[in-house]
Structures are given as C-alpha cells and as structure tokens.
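> Take this structure first; my questions come after.
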Amino acid sequence: MVKRSLGITTRFALVVVVLVPSLVAVAWAGLHGLQSGRNAANSLYRDNLVTVRDASEMEVALESAYQDSLQVLQVKDAGDRQRLIRVLVASVSPQVESDIAVVSAESNGLELRDLAGVSAGWTRFEELLATGTLGDASASSQGALTGELAAIFDPDGESAAAIISAELAQGSAAHSHALAIYRSSLHWMLLAMIAAVLATIGVVGWLIRSVLPRTLKCSEFAANVAHGDYSKRLAPQGSDELAELGRTLDDLAQRRQAEVLYDQHQLEFTDGLQVAETEHEAHDLVKHYLERSVRQSEVTVLNRNNSADRLEAVTAVPPGSPLWQGLDGAQPRSCLAVRLARSHDGNHGQETLLSCSVCSQSSERTSCTPLLVGGQVIGSVLAAHGQLLDEHEQRSIREAVTQAAPVLGNLRNLAIAELRAATDSLTGLPNKRAVQDTLKRMVAQSSRSISPLAALMCDLDHFKAINDRFGHARGDEVLAAVGAVFADTLRASDFAGRFGGEEFLILLPGTDAHSALVMAEKIRVAVGRIRIESIDQSVSLSIGVAVMPDHAVDADTLTRAADRALYTAKKAGRDRVEATMSPEPADGKTEPTDSALTATNNSAT
C-alpha cells in the first residue's frame, strides 16, 4: 500500500500560505502602531496647541482690559475717561468674551474650575462698566477701584495660567499615551516577527527534512547509475513528486541493468557463434543461451532435412517430452513457423484455426521462430515456456535467431563442402584423404585406450575386366553397390573408405583378429551376392586382415600388414580372406608368408 503524502507543490504552497500571512500580520501590526502613534501625535498637537494659543490670547485680552481699566482711573479729564471706556467696551470687552467662550468650548473638563473663576471675575468687571462706576470714580474712590480691579484681574490671570498649565499637563499625558501606543505596537510587531521567523524556520526545516534528503539520495543514486553501479535501489515511499521520481529512477536503473546484462550476454553469444566450429556446437550454443535468457524454458533447435523431407531435433530433447510425439514422422511443413516463414506462438488449451503439428502437443506456451538464411528456411527454434514472454525475452529470441541463422547456414554449407571434399562421388564412402585422416585418428585412439584396431584391405577381383567388357558405367555401378554393401553390413562404430581405384580400407575399432576375420568373411559373402543388370560376371572381393597391436604399431605398418595379407589372398586365388599372423619386421621388408599367413576359403566359411 502506497503511503499518501503531501506533494512538493503543496508543500511549497503551504510555505507561502504560512509565511505570507505572517508577514502581513507583521506589516499590519507595524502600520497599525504607527497610525495610532500618528493619530495620537496629531491629537496632542491639535488640542494642546490650539488650547494653549487660545488661553494665551485670553490671558493677553484680560491683561489688556486690566491695563485699560487702570488707565481710565488715572485719566483726570472726564471726556478722555469716557472715550477710553467706550474703547474698552467696544473692542476689548468683546475680545475677552470671545476668548473666554473659545477656551470654554475647547476645555475637556480639567479647566472648568479655572474658567468659572475667569467668568465670574469678568462678570464683576462688566457690572462695573455697566453701572458706570469706573467712569464716575472720584479721586477718593480710585484706590478702592484699583484694589477691586486687582481683585478681579489677578485671579483671572492666575486662572488663565492654570489653564495653560493644565493643557501642558494634558499634552504630556497625551505624549505618554502616544509612547505607550508605540511601545505596544512595537511589542506586537516583535511578537509577530518572532512568530513569522519561527514559522519560517519550522516550514523550512520541514521542507529540508522531507525534501532535501530524498533529493540528495536521488542525486546520489543517479550518479551511481551513471557510473554503472546498479546494485542499489531507492525504494521510495509515499506518492509525492519525489516518490514518483524515485520510482522512475528505480525503473530506469532496472531497465538499464537489464540492457547491460542483455548486451553482455549478447556479446558472449556473438563471440561464441564466431568461434563455433560445427553445427552441433552452434545448435547447443543457441539452446543454452536462450534457456538462460528465457525464464523456465526448454529450447529445441529443429533442422530442416530437405533430402529426407524431415524436420529433426538437433539438440537434446528430454525423455518423455511431448515434443517426441510431435516430431515423430514430422515433415518441414508440419511446423507452422517453417511453413509460414514467420514466428508462431502456441498457447496450450487454446483452439486455433491452424494448429502446428509439432508444438501443439506441448502442455506449455510455445514460441517458434524460423531460421531464415537468404530468404530460405533452414529450420526453427522452438521455446516452450510456462508464462508469457516479456519484452526482453522476446527480443532475446528474435535477435538470437537472427544472429544464429546465417552462422548455422555457413556451418552447414561448410560441413557439406567438407563432406563432399572427403567423400567419393561413386560409392558415397570417404575418399582416400578422409581415409588417411580417419586412420590416424583411430590408430591414436587405439593406442590411448590400449584396445585393438583391425584393418581390412579389400580389393575387387577382376574389376578391370568388368570395365573392359561392360564399360566404365557398369564398373561405376559395381563400385556403388559395394559401397552400399559396406554401409549395410558394418557397425555404426566401423569405418569404410575408398582407398583408391577398386581398393577399399575398412577399420574395425575394438576388434581382435578372430572377430575381424569373421566380419571380413561376412563382408566377402555380402559382396558376392551383388547382382548388376547387364553384367553376367559375378562380383567377388579379396580381403587382407591386420590387427593392431598384434601385427603393427602405427598407421603405416598397419596398412602395410593388411596390404601384405591382401596380396596373399590375391596370390592364393582371390575371393578369399587372409590374415597376417606375425608383426612386420622393423626394417619394413616383407618376410616369407608361407608360415605367417592363414587362408580362409569359401568352403571353410
């Protein structure tokens, strides 16, 4: 089960969601504090400045009224006194009243008592003006009026000063309030900044912990893969982008490893094909390579034998395999891959319109691929497997067959050419060159295994007379018939070849002198039964027998000993078998044969 996790995009979106509000909160706290401080400063400036100004003007107006009133008292002339009183009433008094009203309107309650005293004193002054007491004051009453004016205006001046002091105190309080707001705003700004920093550290730490290690791991893994190290896997957990990247890298590494392994096996297979010396070796190489490349498979290479119209298995088939039944009497056209010249897949238990006689007996899935050389099908490669083939397995079969086909074709042509070069065209037996090679090989094998090797030197009697009387065509028929007799009479381990002209050499491995004489007589009798149309002359054979190591120690002495025995048979009347009874002398000279040879005639047989 894949563990669900947040995607990389989502994580960075969360970073934005967390950091942006934090920064906005810090900015808001700062702006709010500054705005509050500005408002408080404006209020302080506006209220205190205006109030102090108006209070100062009121104080100046009161002082002016006081001085004008004292001047009235000091003027002796009544007319001048009345003129001064009119100025006092007309201009100074309204100004004082206006200033008192303005200050009263701007007061916030702290100056009410002082304003009440100013208002009361001014009311008493206005009564003096209204009653005319100030204008009619005599010299005797001037002192009393001066004292009364002092009693009125001195408290008013003190009250105005008190108002100014109160406003200054309020200004100081407002300033303190503004500082408090500033400190509070700064406090909240710091808290918001700390919270934002902590949130940033937390989110960045979360990203580092959840993203960076896996990113570095992916980078290290990619570097290892780039340097050819495919031993490790990421095996990521989760479902985010990095997990998907990890799974993709794992898949790429696995594919790359499979490609490298495939290339290595393919190179090994190619090198093996290049050094294969025989078809059999190449067939086994194809079989082993594909069985290693295809899981749980059994591979069989099939050869198309056109001369016998047969389809034959040229690699080992396990005993009891259903393929034996399919190959029993199979012709090349029995295999659909050979017939259609293209690959054919078989599925056991699945009915098809056209079935393959060869692989339909298999209990597993099969894949049969033709071996094509120059547009001609020389066979096929049949792979039986228990499960569906993956891409690499299909590729392995396809490319292996494609590579092997021309090599097999060349090896087959080479084998045919070698066979023809070593085969006598008349008898179908190996020619003299092949006889010499085989003789050396079998003599060496006999020496190594310390087992006897019999040599039968055979010669057709009166063969020249047959050619002279009936022509060379009939003589060729006789030679071909003799070759057929040898093929039918000899064992699979025996060898027969044309030694030259009408002479033949037969080699019998593991055969002592007595058994060699028996086999030679059997051959002589079989040749005597040959009948050729248009020839009224019987065919007979003279045979000389020598056995190694009884009569020879190497190939040359063995053939000479057999030839001496043949000479004896010819001299004794032909159509008989003679055996050498003693070894050849060391100097190679022929010893008298009267006591050394034993003759076997027809009647003795």
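Identifiers in this document derive from the order of the structure tokens: chains are assigned A, B, ..., residues are numbered from 1 separately in each chain, and ligands are numbered from 1 in order of occurrence.
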Need the shell around A:Leu479: protein/DNA/RNA residues with any atom at most 8 Å away, counting only C-alpha atoms. Skip same-chain ones fewer than 6 positions apart. Format as a PDB file with C-alpha atoms, in the first residue's frame?

```pdb
ATOM      1  CA  LEU A 426      30.726 -43.016 -56.891  1.00  0.00           C
ATOM      2  CA  THR A 427      30.445 -45.031 -53.705  1.00  0.00           C
ATOM      3  CA  GLU A 502      38.941 -50.713 -56.697  1.00  0.00           C
TER       4      GLU A 502
END
```
> I'd like the contact shell of stretch 557-565 of chain A - 8 Å cut-off, only C-alpha atoms, skipping same-chain residues fewer than 2 positions apart - returned as a VMD selection string.
chain A and resid 455 to 457 543 to 548 551 to 555 567 to 569 578 to 580 583 to 584 588 590 597
> Can I get the selection written as a PDB file, in the first residue's frame, with N, CA and C atoms?

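Everything below was put into again.pdb:
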```
ATOM      1  N   ALA A 455      42.281 -53.696 -39.364  1.00  0.00           N
ATOM      2  CA  ALA A 455      42.260 -53.052 -40.671  1.00  0.00           C
ATOM      3  C   ALA A 455      42.018 -54.114 -41.732  1.00  0.00           C
ATOM      4  N   LEU A 456      41.015 -53.895 -42.600  1.00  0.00           N
ATOM      5  CA  LEU A 456      40.664 -54.819 -43.678  1.00  0.00           C
ATOM      6  C   LEU A 456      40.956 -54.115 -45.001  1.00  0.00           C
ATOM      7  N   MET A 457      41.996 -54.591 -45.711  1.00  0.00           N
ATOM      8  CA  MET A 457      42.294 -54.044 -47.024  1.00  0.00           C
ATOM      9  C   MET A 457      41.570 -54.906 -48.054  1.00  0.00           C
ATOM     10  N   ILE A 543      40.255 -59.981 -49.377  1.00  0.00           N
ATOM     11  CA  ILE A 543      40.416 -59.162 -48.172  1.00  0.00           C
ATOM     12  C   ILE A 543      41.660 -59.609 -47.427  1.00  0.00           C
ATOM     13  N   GLY A 544      42.489 -58.613 -47.036  1.00  0.00           N
ATOM     14  CA  GLY A 544      43.621 -58.868 -46.168  1.00  0.00           C
ATOM     15  C   GLY A 544      43.385 -58.240 -44.822  1.00  0.00           C
ATOM     16  N   VAL A 545      43.641 -58.977 -43.731  1.00  0.00           N
ATOM     17  CA  VAL A 545      43.319 -58.530 -42.379  1.00  0.00           C
ATOM     18  C   VAL A 545      44.597 -58.379 -41.570  1.00  0.00           C
ATOM     19  N   ALA A 546      44.704 -57.214 -40.871  1.00  0.00           N
ATOM     20  CA  ALA A 546      45.797 -56.990 -39.923  1.00  0.00           C
ATOM     21  C   ALA A 546      45.206 -56.306 -38.694  1.00  0.00           C
ATOM     22  N   VAL A 547      45.786 -56.619 -37.534  1.00  0.00           N
ATOM     23  CA  VAL A 547      45.247 -56.103 -36.271  1.00  0.00           C
ATOM     24  C   VAL A 547      46.361 -55.415 -35.495  1.00  0.00           C
ATOM     25  N   MET A 548      46.020 -54.262 -34.975  1.00  0.00           N
ATOM     26  CA  MET A 548      46.931 -53.508 -34.116  1.00  0.00           C
ATOM     27  C   MET A 548      46.498 -53.735 -32.667  1.00  0.00           C
ATOM     28  N   HIS A 551      49.885 -56.967 -35.129  1.00  0.00           N
ATOM     29  CA  HIS A 551      50.656 -57.004 -36.372  1.00  0.00           C
ATOM     30  C   HIS A 551      51.310 -55.668 -36.710  1.00  0.00           C
ATOM     31  N   ALA A 552      51.031 -54.595 -35.960  1.00  0.00           N
ATOM     32  CA  ALA A 552      51.589 -53.273 -36.293  1.00  0.00           C
ATOM     33  C   ALA A 552      51.563 -52.377 -35.070  1.00  0.00           C
ATOM     34  N   VAL A 553      52.350 -51.290 -35.159  1.00  0.00           N
ATOM     35  CA  VAL A 553      52.422 -50.361 -34.031  1.00  0.00           C
ATOM     36  C   VAL A 553      51.958 -48.961 -34.415  1.00  0.00           C
ATOM     37  N   ASP A 554      51.756 -48.702 -35.724  1.00  0.00           N
ATOM     38  CA  ASP A 554      51.289 -47.391 -36.160  1.00  0.00           C
ATOM     39  C   ASP A 554      50.456 -47.556 -37.421  1.00  0.00           C
ATOM     40  N   ALA A 555      50.028 -46.413 -37.977  1.00  0.00           N
ATOM     41  CA  ALA A 555      49.122 -46.460 -39.123  1.00  0.00           C
ATOM     42  C   ALA A 555      49.794 -47.047 -40.358  1.00  0.00           C
ATOM     43  N   TYR A 567      47.651 -59.153 -50.597  1.00  0.00           N
ATOM     44  CA  TYR A 567      48.478 -59.707 -51.681  1.00  0.00           C
ATOM     45  C   TYR A 567      48.479 -61.233 -51.625  1.00  0.00           C
ATOM     46  N   THR A 568      48.525 -61.740 -50.414  1.00  0.00           N
ATOM     47  CA  THR A 568      48.496 -63.192 -50.229  1.00  0.00           C
ATOM     48  C   THR A 568      47.168 -63.759 -50.709  1.00  0.00           C
ATOM     49  N   ALA A 569      46.062 -63.061 -50.379  1.00  0.00           N
ATOM     50  CA  ALA A 569      44.739 -63.528 -50.797  1.00  0.00           C
ATOM     51  C   ALA A 569      44.624 -63.530 -52.319  1.00  0.00           C
ATOM     52  N   GLU A 578      42.494 -63.364 -46.016  1.00  0.00           N
ATOM     53  CA  GLU A 578      43.777 -63.770 -45.459  1.00  0.00           C
ATOM     54  C   GLU A 578      44.130 -62.824 -44.313  1.00  0.00           C
ATOM     55  N   ALA A 579      44.766 -63.389 -43.269  1.00  0.00           N
ATOM     56  CA  ALA A 579      45.142 -62.591 -42.097  1.00  0.00           C
ATOM     57  C   ALA A 579      46.631 -62.689 -41.868  1.00  0.00           C
ATOM     58  N   THR A 580      47.234 -61.568 -41.446  1.00  0.00           N
ATOM     59  CA  THR A 580      48.641 -61.547 -41.091  1.00  0.00           C
ATOM     60  C   THR A 580      48.812 -62.228 -39.749  1.00  0.00           C
ATOM     61  N   PRO A 583      54.017 -59.845 -36.636  1.00  0.00           N
ATOM     62  CA  PRO A 583      54.287 -58.429 -36.869  1.00  0.00           C
ATOM     63  C   PRO A 583      55.214 -58.229 -38.041  1.00  0.00           C
ATOM     64  N   GLU A 584      55.125 -57.012 -38.607  1.00  0.00           N
ATOM     65  CA  GLU A 584      56.020 -56.640 -39.707  1.00  0.00           C
ATOM     66  C   GLU A 584      57.402 -56.397 -39.143  1.00  0.00           C
ATOM     67  N   GLY A 588      60.879 -52.990 -42.228  1.00  0.00           N
ATOM     68  CA  GLY A 588      59.794 -52.785 -43.174  1.00  0.00           C
ATOM     69  C   GLY A 588      59.819 -53.730 -44.336  1.00  0.00           C
ATOM     70  N   THR A 590      59.411 -57.262 -46.435  1.00  0.00           N
ATOM     71  CA  THR A 590      58.411 -58.332 -46.390  1.00  0.00           C
ATOM     72  C   THR A 590      59.065 -59.671 -46.081  1.00  0.00           C
ATOM     73  N   LEU A 597      50.848 -66.675 -42.822  1.00  0.00           N
ATOM     74  CA  LEU A 597      49.503 -66.343 -43.274  1.00  0.00           C
ATOM     75  C   LEU A 597      48.595 -67.542 -43.142  1.00  0.00           C
TER      76      LEU A 597
END
```
> Run DSSP on the backbone and tell me which residues of stretch 324-544 of chain A come out as alpha helix (DSSP H); list them as an NGL selection string.
:A and (324-327 or 336-340 or 391-421 or 432-449 or 463-470 or 472-489 or 513-528)
> Do a neighbour search on A:Gly528 at 8 Å with only C-alpha atoms, toss out local chain neighbours closer than 6 positions, and write the hits as number ranges by chain.
A: 538-541
> Using only C-alpha atoms, which residues sit within 9 Å of A:Arg433 once same-chain residues fewer than 4 positions away are excluded, as a VMD selection string?
chain A and resid 421 to 423 437 to 438 499
> Give me the residues within 7 Å of stretch 90-104 of chain A as a list in words, counting only C-alpha atoms and dropping any in the same chain fewer than 6 places off.
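Residues near the query, excluding close chain neighbours: Thr51, Asp54, Ala55, Glu57, Met58, Ala61, Leu62, Ala65 and Leu115 of chain A.
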> Which residue out of A:Ser396, A:Ser343, A:Thr146, A:Ser446 has the minimum interatomic distance to A:Leu290 when only C-alpha atoms are used?
A:Ser396
> Leaving out A:Glu259 and any residue of its chain fewer than 5 positions from it, which residues lie within 12 Å of it when counting only C-alpha atoms, given as an MDAnalysis selection string?
chainID A and resid 228 230 252:254 264:267 391:393 395:396
> Keeping only C-alpha atoms, take the residues you just selected and write them out as a JSON list (two decimals), in the first residue's frame.

```json
[["chain", "number", "residue", "atom", "x", "y", "z"],
["A", 228, "GLY", "CA", 27.44, 1.81, -13.96],
["A", 230, "TYR", "CA", 23.09, -0.84, -10.46],
["A", 252, "LEU", "CA", 15.20, 3.26, -15.37],
["A", 253, "ALA", "CA", 18.05, 1.68, -13.40],
["A", 254, "GLN", "CA", 16.39, -1.72, -13.59],
["A", 264, "GLN", "CA", 26.88, -8.75, -22.04],
["A", 265, "HIS", "CA", 25.03, -12.00, -22.78],
["A", 266, "GLN", "CA", 24.55, -10.97, -26.39],
["A", 267, "LEU", "CA", 28.26, -10.22, -26.76],
["A", 391, "GLU", "CA", 9.87, -7.59, -23.87],
["A", 392, "HIS", "CA", 13.48, -8.62, -23.14],
["A", 393, "GLU", "CA", 12.74, -12.33, -23.62],
["A", 395, "ARG", "CA", 13.93, -9.59, -28.02],
["A", 396, "SER", "CA", 16.43, -12.25, -26.92]]
```
